[in-house]
Amino acid sequence: MQTVGTMLMTDTSSKAERQGSIAPPKRQQPLRRLIALTLLTLLGGAMVGGTALQAMELVFAGVDLRNGKDINEVCAGCHGEFGQGGKEGEYPRLAGLPAAFIARQLDLFRDRKRTNLAMVESVDHRQLPDADVLDVSAYLASIEIPSKLPPVDETAPGFNAYERLLASKRVVQIPRAEGDVEAGKGLYRRECASCHGARGEGDAKDAVPFLAGQYTPYLWRQVPKYIDKRRLHDPTAPDEPELLASFSETDLRNIFAYLSTLDD
Ligand code: HEC
Ligand code: HEC
């Protein structure tokens, strides 16, 4: 577990650097500092209470959603105009993910710590400086995607088939995945719900992504990455054994089957 202490040390060394007392460590990027600060406060927040949300608000205060929307035009080529994802999960859904989670992933992609050819070609420090990362993350986080269209009477006066077609483009409903939904529900509730939420909705305050409403093939693709530690499931505890490694394929299939029912 990376302790609050380790993080504090990072902070102290940059203070020492300002005072010129020891060899300067590499200066942290502002975003890195902000995210470290957020994590720090999140961990601290668990102990003193009430500060986590404030820290997050601080990090995202003053974001420019209009700029975020402009930047999203680049992302839309793969992730869809509304961040709805596409090609059955080749491109994950981004709409509604926690802003701090999106920002951290973008930072990892920029630093090649999370690798994916398509993403690595789309984001680097020059194309996407820190301010833009925060803007596009906040913009994508703010997009709401319904899982179904509200029922309408197509014969009623004022019904507009074109508007209905446009609205249907933003709808994402995850197809039912195979597996034992009841068994998956039990496992999910015991092993995942504490972080990913009772209904797989994620947790914006703690930067935990939703799992319900995300494409099943995309979730599957992440499993070996966490098991090989190409991604860190719990970034605050890089040395802990990976949780997902302790489940059989059948267990995971059942969990993902359950998750795929939650947006029905
Ligand atoms: C050329 C296609 C392409 C473009 C353009 C692109 N992405 Fe991606 N993105 C991907 C793919 C593919 C993945 C899945 C990577 C994986 O499987 O690990 C991904 C993953 C992500 C993730 C991780 C989501 C998660 O749940 O872990 C984020 C966040 C993201 N992209 C944001 C963006 C943003 C913001 C932009 C625009 C600045 C962008 N992407 C542009 C293809 C693209
Ligand atoms: C201790 C809290 C915690 C628990 C328990 C937990 N997760 Fe996670 N999960 C996270 C965090 C935090 C992330 C984001 C990590 C990152 O930055 O890559 C994540 C990411 C994921 C992702 C990738 C999602 C994406 O959009 O890229 C999958 C898949 C996942 N978890 C599955 C599970 C499953 C299945 C369980 C239960 C067996 C579980 N997690 C239990 C905290 C947790």
# chains A, B, ... in the order shown; residues from 1 in each chain; ligands from 1
call {"tool": "closest_atom_pairs", "arguments": {"of": "chain A", "to": "ligand 1", "cutoff": "8 Å", "atoms": "only C-alpha atoms and all ligand atoms", "output": "Markdown table"}}
result
| residue | atom | partner | partner_atom_place_in_ligand_line | distance |
| --- | --- | --- | --- | --- |
| A:Ile71 | CA | ligand 1 | 38 (C) | 6.1 |
| A:Asn72 | CA | ligand 1 | 37 (C) | 5.5 |
| A:Glu73 | CA | ligand 1 | 37 (C) | 7.4 |
| A:Val74 | CA | ligand 1 | 37 (C) | 5.2 |
| A:Cys75 | CA | ligand 1 | 37 (C) | 3.4 |
| A:Ala76 | CA | ligand 1 | 5 (C) | 6.8 |
| A:Gly77 | CA | ligand 1 | 5 (C) | 5.6 |
| A:Cys78 | CA | ligand 1 | 2 (C) | 4.4 |
| A:His79 | CA | ligand 1 | 7 (N) | 6.2 |
| A:Glu90 | CA | ligand 1 | 12 (C) | 5.6 |
| A:Tyr91 | CA | ligand 1 | 11 (C) | 4.8 |
| A:Pro92 | CA | ligand 1 | 24 (C) | 5.8 |
| A:Arg93 | CA | ligand 1 | 26 (O) | 6.9 |
| A:Leu94 | CA | ligand 1 | 24 (C) | 6.1 |
| A:Leu97 | CA | ligand 1 | 26 (O) | 7.5 |
| A:Phe101 | CA | ligand 1 | 29 (C) | 7.3 |
| A:Ile102 | CA | ligand 1 | 29 (C) | 4.3 |
| A:Ala103 | CA | ligand 1 | 29 (C) | 6.9 |
| A:Arg104 | CA | ligand 1 | 29 (C) | 7.9 |
| A:Gln105 | CA | ligand 1 | 29 (C) | 5.2 |
| A:Leu106 | CA | ligand 1 | 29 (C) | 5.7 |
| A:Arg114 | CA | ligand 1 | 18 (O) | 7.4 |
| A:Thr115 | CA | ligand 1 | 18 (O) | 7.0 |
| A:Asn116 | CA | ligand 1 | 15 (C) | 5.3 |
| A:Leu117 | CA | ligand 1 | 12 (C) | 7.4 |
| A:Ala118 | CA | ligand 1 | 1 (C) | 4.2 |
| A:Met119 | CA | ligand 1 | 7 (N) | 4.6 |
| A:Glu121 | CA | ligand 1 | 1 (C) | 7.1 |
| A:Ser122 | CA | ligand 1 | 5 (C) | 5.2 |
| A:Val123 | CA | ligand 1 | 38 (C) | 6.0 |
| A:Leu128 | CA | ligand 1 | 38 (C) | 7.1 |
| A:Val133 | CA | ligand 1 | 35 (C) | 7.3 |
| A:Val136 | CA | ligand 1 | 35 (C) | 5.9 |
| A:Ser137 | CA | ligand 1 | 35 (C) | 6.4 |
| A:Leu140 | CA | ligand 1 | 35 (C) | 7.6 |
| A:Pro209 | CA | ligand 1 | 26 (O) | 6.7 |
| A:Gln214 | CA | ligand 1 | 26 (O) | 7.9 |
| A:Tyr218 | CA | ligand 1 | 17 (O) | 6.4 |
| A:Arg221 | CA | ligand 1 | 17 (O) | 6.2 |
| A:Gln222 | CA | ligand 1 | 18 (O) | 6.4 |
call {"tool": "residues_near_ligand", "arguments": {"ligand": "ligand 2", "cutoff": "9 Å", "atoms": "only C-alpha atoms and all ligand atoms", "output": "MDAnalysis selection string"}}
result
chainID A and resid 92:94 97 101:102 104:105 108 114 187:196 202 206:211 214 216 218:223 226 231:236 243:244 246:247 251:252 255:256
call {"tool": "residues_around", "arguments": {"residues": "Leu166 (chain A)", "least_positions_apart": "4", "cutoff": "12 Å", "atoms": "only C-alpha atoms", "output": "ChimeraX atom specification"}}
result
/A:81-82,149,160-162,170-171
call {"tool": "closest_residue", "arguments": {"among": "A:Lys69, A:Arg199, A:Arg164, A:Arg176", "to": "Tyr139 (chain A)", "atoms": "only C-alpha atoms"}}
result
A:Lys69
call {"tool": "residues_around", "arguments": {"residues": "Glu163 (chain A)", "least_positions_apart": "4", "cutoff": "12 Å", "atoms": "only C-alpha atoms", "output": "list in words"}}
result
Leu149, Val152, Glu154, Gly158, Phe159, Ala167, Ser168, Lys169 and Arg170 of chain A
call {"tool": "atom_distance", "arguments": {"atom1": "CA of Pro98 (chain A)", "atom2": "CA of Ala198 (chain A)"}}
result
16.2 Å
call {"tool": "closest_residue", "arguments": {"among": "A:Ala95, A:Leu134, A:Val181, A:Val120", "to": "Pro146 (chain A)", "atoms": "only C-alpha atoms"}}
result
A:Ala95
call {"tool": "select_by_dssp", "arguments": {"residues": "region 27-262 of chain A", "states": "strand (DSSP E or B)", "output": "number ranges by chain"}}
result
A: 86, 91, 203, 208
call {"tool": "atom_distance", "arguments": {"atom1": "CA of Val172 (chain A)", "atom2": "CA of Lys205 (chain A)"}}
result
23.6 Å
call {"tool": "closest_residue", "arguments": {"among": "A:Ala100, A:Gly184, A:Gln84, A:Gln127", "to": "Ile145 (chain A)", "atoms": "only C-alpha atoms"}}
result
A:Gln84
call {"tool": "closest_residue", "arguments": {"among": "A:Asn67, A:Asn254, A:Ser260, A:Thr155", "to": "Lys185 (chain A)", "atoms": "only C-alpha atoms"}}
result
A:Asn254
call {"tool": "select_by_dssp", "arguments": {"residues": "region 177-246 of chain A", "states": "helix (DSSP H, G or I)", "output": "VMD selection string"}}
result
chain A and resid 181 to 191 193 to 196 216 to 227 243 to 246
call {"tool": "decode", "arguments": {"residues": "region 169-196 of chain A", "atoms": "N, CA and C atoms", "output": "PDB file, in the first residue's frame"}}
result
ATOM      1  N   LYS A 169     -29.115   7.961 -31.081  1.00  0.00           N
ATOM      2  CA  LYS A 169     -27.658   7.839 -31.233  1.00  0.00           C
ATOM      3  C   LYS A 169     -26.919   7.924 -29.911  1.00  0.00           C
ATOM      4  N   ARG A 170     -27.558   8.546 -28.908  1.00  0.00           N
ATOM      5  CA  ARG A 170     -26.859   8.674 -27.627  1.00  0.00           C
ATOM      6  C   ARG A 170     -27.181   7.547 -26.663  1.00  0.00           C
ATOM      7  N   VAL A 171     -28.043   6.635 -27.084  1.00  0.00           N
ATOM      8  CA  VAL A 171     -28.445   5.574 -26.166  1.00  0.00           C
ATOM      9  C   VAL A 171     -27.414   4.441 -26.188  1.00  0.00           C
ATOM     10  N   VAL A 172     -26.991   4.002 -24.995  1.00  0.00           N
ATOM     11  CA  VAL A 172     -26.134   2.820 -24.928  1.00  0.00           C
ATOM     12  C   VAL A 172     -26.836   1.804 -24.049  1.00  0.00           C
ATOM     13  N   GLN A 173     -27.123   0.646 -24.623  1.00  0.00           N
ATOM     14  CA  GLN A 173     -27.577  -0.430 -23.755  1.00  0.00           C
ATOM     15  C   GLN A 173     -26.700  -1.650 -23.974  1.00  0.00           C
ATOM     16  N   ILE A 174     -26.122  -2.111 -22.879  1.00  0.00           N
ATOM     17  CA  ILE A 174     -25.167  -3.211 -22.968  1.00  0.00           C
ATOM     18  C   ILE A 174     -25.921  -4.508 -23.226  1.00  0.00           C
ATOM     19  N   PRO A 175     -25.574  -5.209 -24.314  1.00  0.00           N
ATOM     20  CA  PRO A 175     -26.259  -6.478 -24.565  1.00  0.00           C
ATOM     21  C   PRO A 175     -26.004  -7.465 -23.427  1.00  0.00           C
ATOM     22  N   ARG A 176     -26.997  -8.294 -23.141  1.00  0.00           N
ATOM     23  CA  ARG A 176     -26.845  -9.306 -22.092  1.00  0.00           C
ATOM     24  C   ARG A 176     -25.651 -10.207 -22.385  1.00  0.00           C
ATOM     25  N   ALA A 177     -24.771 -10.339 -21.385  1.00  0.00           N
ATOM     26  CA  ALA A 177     -23.616 -11.222 -21.556  1.00  0.00           C
ATOM     27  C   ALA A 177     -23.937 -12.582 -20.945  1.00  0.00           C
ATOM     28  N   GLU A 178     -23.335 -13.617 -21.501  1.00  0.00           N
ATOM     29  CA  GLU A 178     -23.601 -14.975 -21.016  1.00  0.00           C
ATOM     30  C   GLU A 178     -23.027 -15.208 -19.633  1.00  0.00           C
ATOM     31  N   GLY A 179     -23.722 -16.022 -18.845  1.00  0.00           N
ATOM     32  CA  GLY A 179     -23.207 -16.369 -17.523  1.00  0.00           C
ATOM     33  C   GLY A 179     -24.348 -16.497 -16.529  1.00  0.00           C
ATOM     34  N   ASP A 180     -23.990 -16.899 -15.319  1.00  0.00           N
ATOM     35  CA  ASP A 180     -24.975 -17.108 -14.269  1.00  0.00           C
ATOM     36  C   ASP A 180     -25.157 -15.793 -13.492  1.00  0.00           C
ATOM     37  N   VAL A 181     -26.239 -15.096 -13.826  1.00  0.00           N
ATOM     38  CA  VAL A 181     -26.467 -13.750 -13.285  1.00  0.00           C
ATOM     39  C   VAL A 181     -26.579 -13.770 -11.760  1.00  0.00           C
ATOM     40  N   GLU A 182     -27.270 -14.768 -11.223  1.00  0.00           N
ATOM     41  CA  GLU A 182     -27.451 -14.827  -9.759  1.00  0.00           C
ATOM     42  C   GLU A 182     -26.125 -15.044  -9.040  1.00  0.00           C
ATOM     43  N   ALA A 183     -25.321 -15.972  -9.560  1.00  0.00           N
ATOM     44  CA  ALA A 183     -24.002 -16.224  -8.956  1.00  0.00           C
ATOM     45  C   ALA A 183     -23.147 -14.959  -9.065  1.00  0.00           C
ATOM     46  N   GLY A 184     -23.224 -14.302 -10.215  1.00  0.00           N
ATOM     47  CA  GLY A 184     -22.448 -13.083 -10.447  1.00  0.00           C
ATOM     48  C   GLY A 184     -22.855 -11.970  -9.495  1.00  0.00           C
ATOM     49  N   LYS A 185     -24.148 -11.906  -9.216  1.00  0.00           N
ATOM     50  CA  LYS A 185     -24.659 -10.871  -8.307  1.00  0.00           C
ATOM     51  C   LYS A 185     -24.062 -11.041  -6.907  1.00  0.00           C
ATOM     52  N   GLY A 186     -24.034 -12.284  -6.433  1.00  0.00           N
ATOM     53  CA  GLY A 186     -23.469 -12.564  -5.107  1.00  0.00           C
ATOM     54  C   GLY A 186     -22.000 -12.175  -5.043  1.00  0.00           C
ATOM     55  N   LEU A 187     -21.256 -12.604  -6.065  1.00  0.00           N
ATOM     56  CA  LEU A 187     -19.826 -12.300  -6.101  1.00  0.00           C
ATOM     57  C   LEU A 187     -19.598 -10.796  -6.195  1.00  0.00           C
ATOM     58  N   TYR A 188     -20.336 -10.168  -7.089  1.00  0.00           N
ATOM     59  CA  TYR A 188     -20.170  -8.729  -7.281  1.00  0.00           C
ATOM     60  C   TYR A 188     -20.399  -7.987  -5.965  1.00  0.00           C
ATOM     61  N   ARG A 189     -21.478  -8.340  -5.301  1.00  0.00           N
ATOM     62  CA  ARG A 189     -21.821  -7.621  -4.062  1.00  0.00           C
ATOM     63  C   ARG A 189     -20.757  -7.798  -2.997  1.00  0.00           C
ATOM     64  N   ARG A 190     -20.203  -9.019  -2.937  1.00  0.00           N
ATOM     65  CA  ARG A 190     -19.183  -9.274  -1.915  1.00  0.00           C
ATOM     66  C   ARG A 190     -17.843  -8.647  -2.271  1.00  0.00           C
ATOM     67  N   GLU A 191     -17.459  -8.696  -3.547  1.00  0.00           N
ATOM     68  CA  GLU A 191     -16.065  -8.425  -3.912  1.00  0.00           C
ATOM     69  C   GLU A 191     -15.831  -7.098  -4.625  1.00  0.00           C
ATOM     70  N   CYS A 192     -16.850  -6.541  -5.229  1.00  0.00           N
ATOM     71  CA  CYS A 192     -16.626  -5.366  -6.080  1.00  0.00           C
ATOM     72  C   CYS A 192     -17.439  -4.149  -5.645  1.00  0.00           C
ATOM     73  N   ALA A 193     -18.619  -4.390  -5.064  1.00  0.00           N
ATOM     74  CA  ALA A 193     -19.557  -3.299  -4.824  1.00  0.00           C
ATOM     75  C   ALA A 193     -19.006  -2.228  -3.889  1.00  0.00           C
ATOM     76  N   SER A 194     -18.115  -2.631  -2.963  1.00  0.00           N
ATOM     77  CA  SER A 194     -17.617  -1.640  -1.996  1.00  0.00           C
ATOM     78  C   SER A 194     -16.924  -0.486  -2.717  1.00  0.00           C
ATOM     79  N   CYS A 195     -16.278  -0.756  -3.850  1.00  0.00           N
ATOM     80  CA  CYS A 195     -15.640   0.330  -4.603  1.00  0.00           C
ATOM     81  C   CYS A 195     -16.467   0.754  -5.816  1.00  0.00           C
ATOM     82  N   HIS A 196     -16.973  -0.234  -6.585  1.00  0.00           N
ATOM     83  CA  HIS A 196     -17.625   0.111  -7.857  1.00  0.00           C
ATOM     84  C   HIS A 196     -19.104   0.462  -7.695  1.00  0.00           C
TER      85      HIS A 196
END
